[in-house]
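Reading through the structure tokens given below for one structure.
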Amino acid sequence: MKLDLLAFAPHPDDVELHCGGLMLKMAHRGHATGIADLTRGETGTRGTPEDRAREAQTAGRILGLSARENLGLPDAHIASTHENRLAVVRVIRTYCPKIVLIPHEVARHPDHTAASQLVRDAVFLAGLTRIETGQPPYRPRQTIFYFTHLGFRDLVPSFIVDIGGFMERKLNAIRAYTTQFYNPDSTEPLTYISRPEFLDELEAQTRYFGSLIGVRYGEPFAVREFLTIDDPVVYFEG
């Protein structure tokens with residue numbers, strides 16, 4: 001299966017949190033979307049890897065994904081090693097996505113920073129003929145960076161996507177991770193993301209980025225290249 005958009009997540013739930021609205025919007029427009037979770041989240045404080053796998057499948061259905069898989073890299077030990085790069089290269093060559101989404105390296109969680117470097121390296125290597133995986137070489141047309149917790153404060157986006165019609169479904173996809181977010185009946189330890197305020201804060205951040213482009217909700221993204229506009233008249237007409 002070939003994908004238009006493939007998002008890489010350090011852990012199950014990262015894509016839902018930080019670019020779930022974009023994934024929903026692209027699927028709604030008929031684009032084939034997928035997620036590659038790098039780890040099973042096995043070092044997380046709450047839930048088990050089996051819980052996270054079930055929750056990820058539920059969230060994937062809400063997002064309308066065409067594909068989702070887990071690479072099983074060691075949680076809290078993501079690194080851009082030769083073995084890990086090859087694992088990501090295989091996924092890229094399998095799905096041949098036009099666009100890949102990866103976390104920005106400016107991040108609160110060290111796995112997010114490490115995942116950014118790992119996938120960036122693999123995107124380049126996937127286009128080299130002499131990197132052997134038994135698959136033809138393939139390099140995505142564009143890498144786009146999504147912001148995670150720290151990035152909301154410290155980074156300036158290249159562009160913001162209006163997700164106003166998809167915010168409630170994004171929140172539903174996030175809430176599919178019942179072990180990870182606020183649950184008054186849970187007896188597990190409280191974490192940064194399981195605080196009752198966390199999803200309110202996330203929604204407020206999304207409203208802030210939406211306000212910058214005159215809409216109710218927005219998700220921020222960055223690219224390293226300068227964006228080309230061939231026809232400003234057509235572009236700014238929308």
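Lettering and numbering for the structure tokens are positional, with chains as A, B, ... in the shown order, residues counted from 1 in each chain, and ligands counted from 1 in the shown order.
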
Which residues of stretch 14-123 of chain A have any atom within 6 Å of an atom in stretch 142-150 of chain A when counting only C-alpha atoms, and what is the closest pair of atoms for each, with the distance in Å to one decimal? Order the rows by chain and rising number and write it as JSON lines.
```
{"residue": "A:Ile99", "atom": "CA", "partner": "A:Gln142", "partner_atom": "CA", "distance": 4.9}
{"residue": "A:Val100", "atom": "CA", "partner": "A:Thr143", "partner_atom": "CA", "distance": 5.0}
{"residue": "A:Leu101", "atom": "CA", "partner": "A:Ile144", "partner_atom": "CA", "distance": 4.9}
{"residue": "A:Ile102", "atom": "CA", "partner": "A:Phe145", "partner_atom": "CA", "distance": 5.0}
{"residue": "A:Pro103", "atom": "CA", "partner": "A:Tyr146", "partner_atom": "CA", "distance": 4.9}
{"residue": "A:His104", "atom": "CA", "partner": "A:Phe145", "partner_atom": "CA", "distance": 5.1}
{"residue": "A:Ala107", "atom": "CA", "partner": "A:Leu150", "partner_atom": "CA", "distance": 5.0}
{"residue": "A:Arg108", "atom": "CA", "partner": "A:Leu150", "partner_atom": "CA", "distance": 5.2}
```

Restrict the calculation to only C-alpha atoms, then for each residue of stretch 43-72 of chain A with any atom at most 10 Å from an atom of stretch 163-187 of chain A give the closest atom pair and their distance in Å to one decimal, rows by chain and rising residue number, as JSON lines.
```
{"residue": "A:Gly44", "atom": "CA", "partner": "A:Gln180", "partner_atom": "CA", "distance": 8.8}
{"residue": "A:Thr45", "atom": "CA", "partner": "A:Gln180", "partner_atom": "CA", "distance": 8.6}
{"residue": "A:Arg46", "atom": "CA", "partner": "A:Gln180", "partner_atom": "CA", "distance": 6.1}
{"residue": "A:Gly47", "atom": "CA", "partner": "A:Thr179", "partner_atom": "CA", "distance": 5.2}
{"residue": "A:Thr48", "atom": "CA", "partner": "A:Thr179", "partner_atom": "CA", "distance": 8.5}
{"residue": "A:Asp51", "atom": "CA", "partner": "A:Thr179", "partner_atom": "CA", "distance": 7.4}
{"residue": "A:Arg52", "atom": "CA", "partner": "A:Tyr177", "partner_atom": "CA", "distance": 7.0}
{"residue": "A:Ala53", "atom": "CA", "partner": "A:Tyr177", "partner_atom": "CA", "distance": 9.5}
{"residue": "A:Arg54", "atom": "CA", "partner": "A:Tyr177", "partner_atom": "CA", "distance": 8.6}
{"residue": "A:Glu55", "atom": "CA", "partner": "A:Tyr177", "partner_atom": "CA", "distance": 5.1}
{"residue": "A:Ala56", "atom": "CA", "partner": "A:Tyr177", "partner_atom": "CA", "distance": 7.2}
{"residue": "A:Gln57", "atom": "CA", "partner": "A:Ala176", "partner_atom": "CA", "distance": 9.0}
{"residue": "A:Thr58", "atom": "CA", "partner": "A:Ala176", "partner_atom": "CA", "distance": 6.3}
{"residue": "A:Ala59", "atom": "CA", "partner": "A:Ala173", "partner_atom": "CA", "distance": 4.6}
{"residue": "A:Gly60", "atom": "CA", "partner": "A:Ala173", "partner_atom": "CA", "distance": 7.5}
{"residue": "A:Arg61", "atom": "CA", "partner": "A:Ala173", "partner_atom": "CA", "distance": 8.5}
{"residue": "A:Ile62", "atom": "CA", "partner": "A:Ala173", "partner_atom": "CA", "distance": 5.8}
{"residue": "A:Leu63", "atom": "CA", "partner": "A:Ala173", "partner_atom": "CA", "distance": 6.8}
```

Just the residues within 8 Å of A:Val89, please, counting only C-alpha atoms, with nothing from its chain fewer than 4 positions along; format it as a PDB file with C-alpha atoms, in the first residue's frame.
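Below you can see result12.pdb, which holds the result:
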```pdb
ATOM      1  CA  ARG A  85      17.896   3.349  10.564  1.00  0.00           C
ATOM      2  CA  ARG A  93      10.273   1.896   1.181  1.00  0.00           C
ATOM      3  CA  ALA A 122      16.486   7.235   7.470  1.00  0.00           C
ATOM      4  CA  VAL A 123      14.609   9.490   5.032  1.00  0.00           C
ATOM      5  CA  LEU A 125      19.267   6.816   3.422  1.00  0.00           C
ATOM      6  CA  ALA A 126      16.039   5.393   1.973  1.00  0.00           C
ATOM      7  CA  THR A 133      16.846  -3.835   2.373  1.00  0.00           C
TER       8      THR A 133
END
```

Worksheet item: Counting only C-alpha atoms, which of A:Ile131, A:Ile160, A:Val233, A:Leu202 gets nearest to A:Arg90?
Response: A:Ile131

Worksheet entry | In stretch 75-235 of chain A, DSSP strand (DSSP E or B) residues written as a ChimeraX atom specification | /A:99-103,142-146,159-162,218-222

Discussion item. Using only C-alpha atoms, can you tell me which of A:Gly127, A:Leu65, A:Pro49, A:Pro10 comes closest to A:His31?
Written reply: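 Using only C-alpha atoms, A:His31 sits closest to A:Leu65.
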
Practice prompt. Considering only C-alpha atoms, state which residue in the set A:Val234, A:Ile213, A:Ile78, A:Leu3 is at the smallest distance from A:Ile92.
Written response: A:Leu3

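Taking atom CA of A:Asp230 and atom CA of A:Pro157 as the two end points, the separation is 21.0 Å.
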
Discussion item. Using only C-alpha atoms, which protein or nucleic acid residues come within 9 Å of A:Met23? Drop anything in the same chain fewer than 6 positions from it, and give the result as a list in words.
Written reply: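 Residues meeting the cut-off are Leu5, Ala7, Val15, Glu16, Thr33, Gly34, Leu63, Gly64, Leu65 and Lys170 of chain A.
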
Worksheet item: Out of stretch 128-216 of chain A, which residues get alpha helix (DSSP H) from DSSP, as an NGL selection string?
Response: :A and (151-154 or 167-175 or 198-212)

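For the residues A:Pro97, A:Gly210, A:Pro110, A:Gly21, ranking by smallest atom-to-atom distance to A:Asp4 using only C-alpha atoms places A:Pro97 first.
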
Worksheet item: Please, what distance in Å, to one decimal, runs between atom CA of A:Pro189 and atom CA of A:Leu71?
Response: 27.1 Å

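In terms of minimum interatomic distance to A:Asp111, A:Ala9 ranks closest within A:Cys96, A:Ala9, A:Met26, A:Leu190, counting only C-alpha atoms.
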
Practice prompt. Could you tell me which of A:Asp37, A:Glu188, A:Arg141, A:Gly72 comes closest to A:Glu225 if we count only C-alpha atoms?
Written response: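 The closest residue to A:Glu225 is A:Arg141.
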
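A straight line drawn from atom CA of A:Thr191 to atom CA of A:Arg120 is 29.4 Å long.
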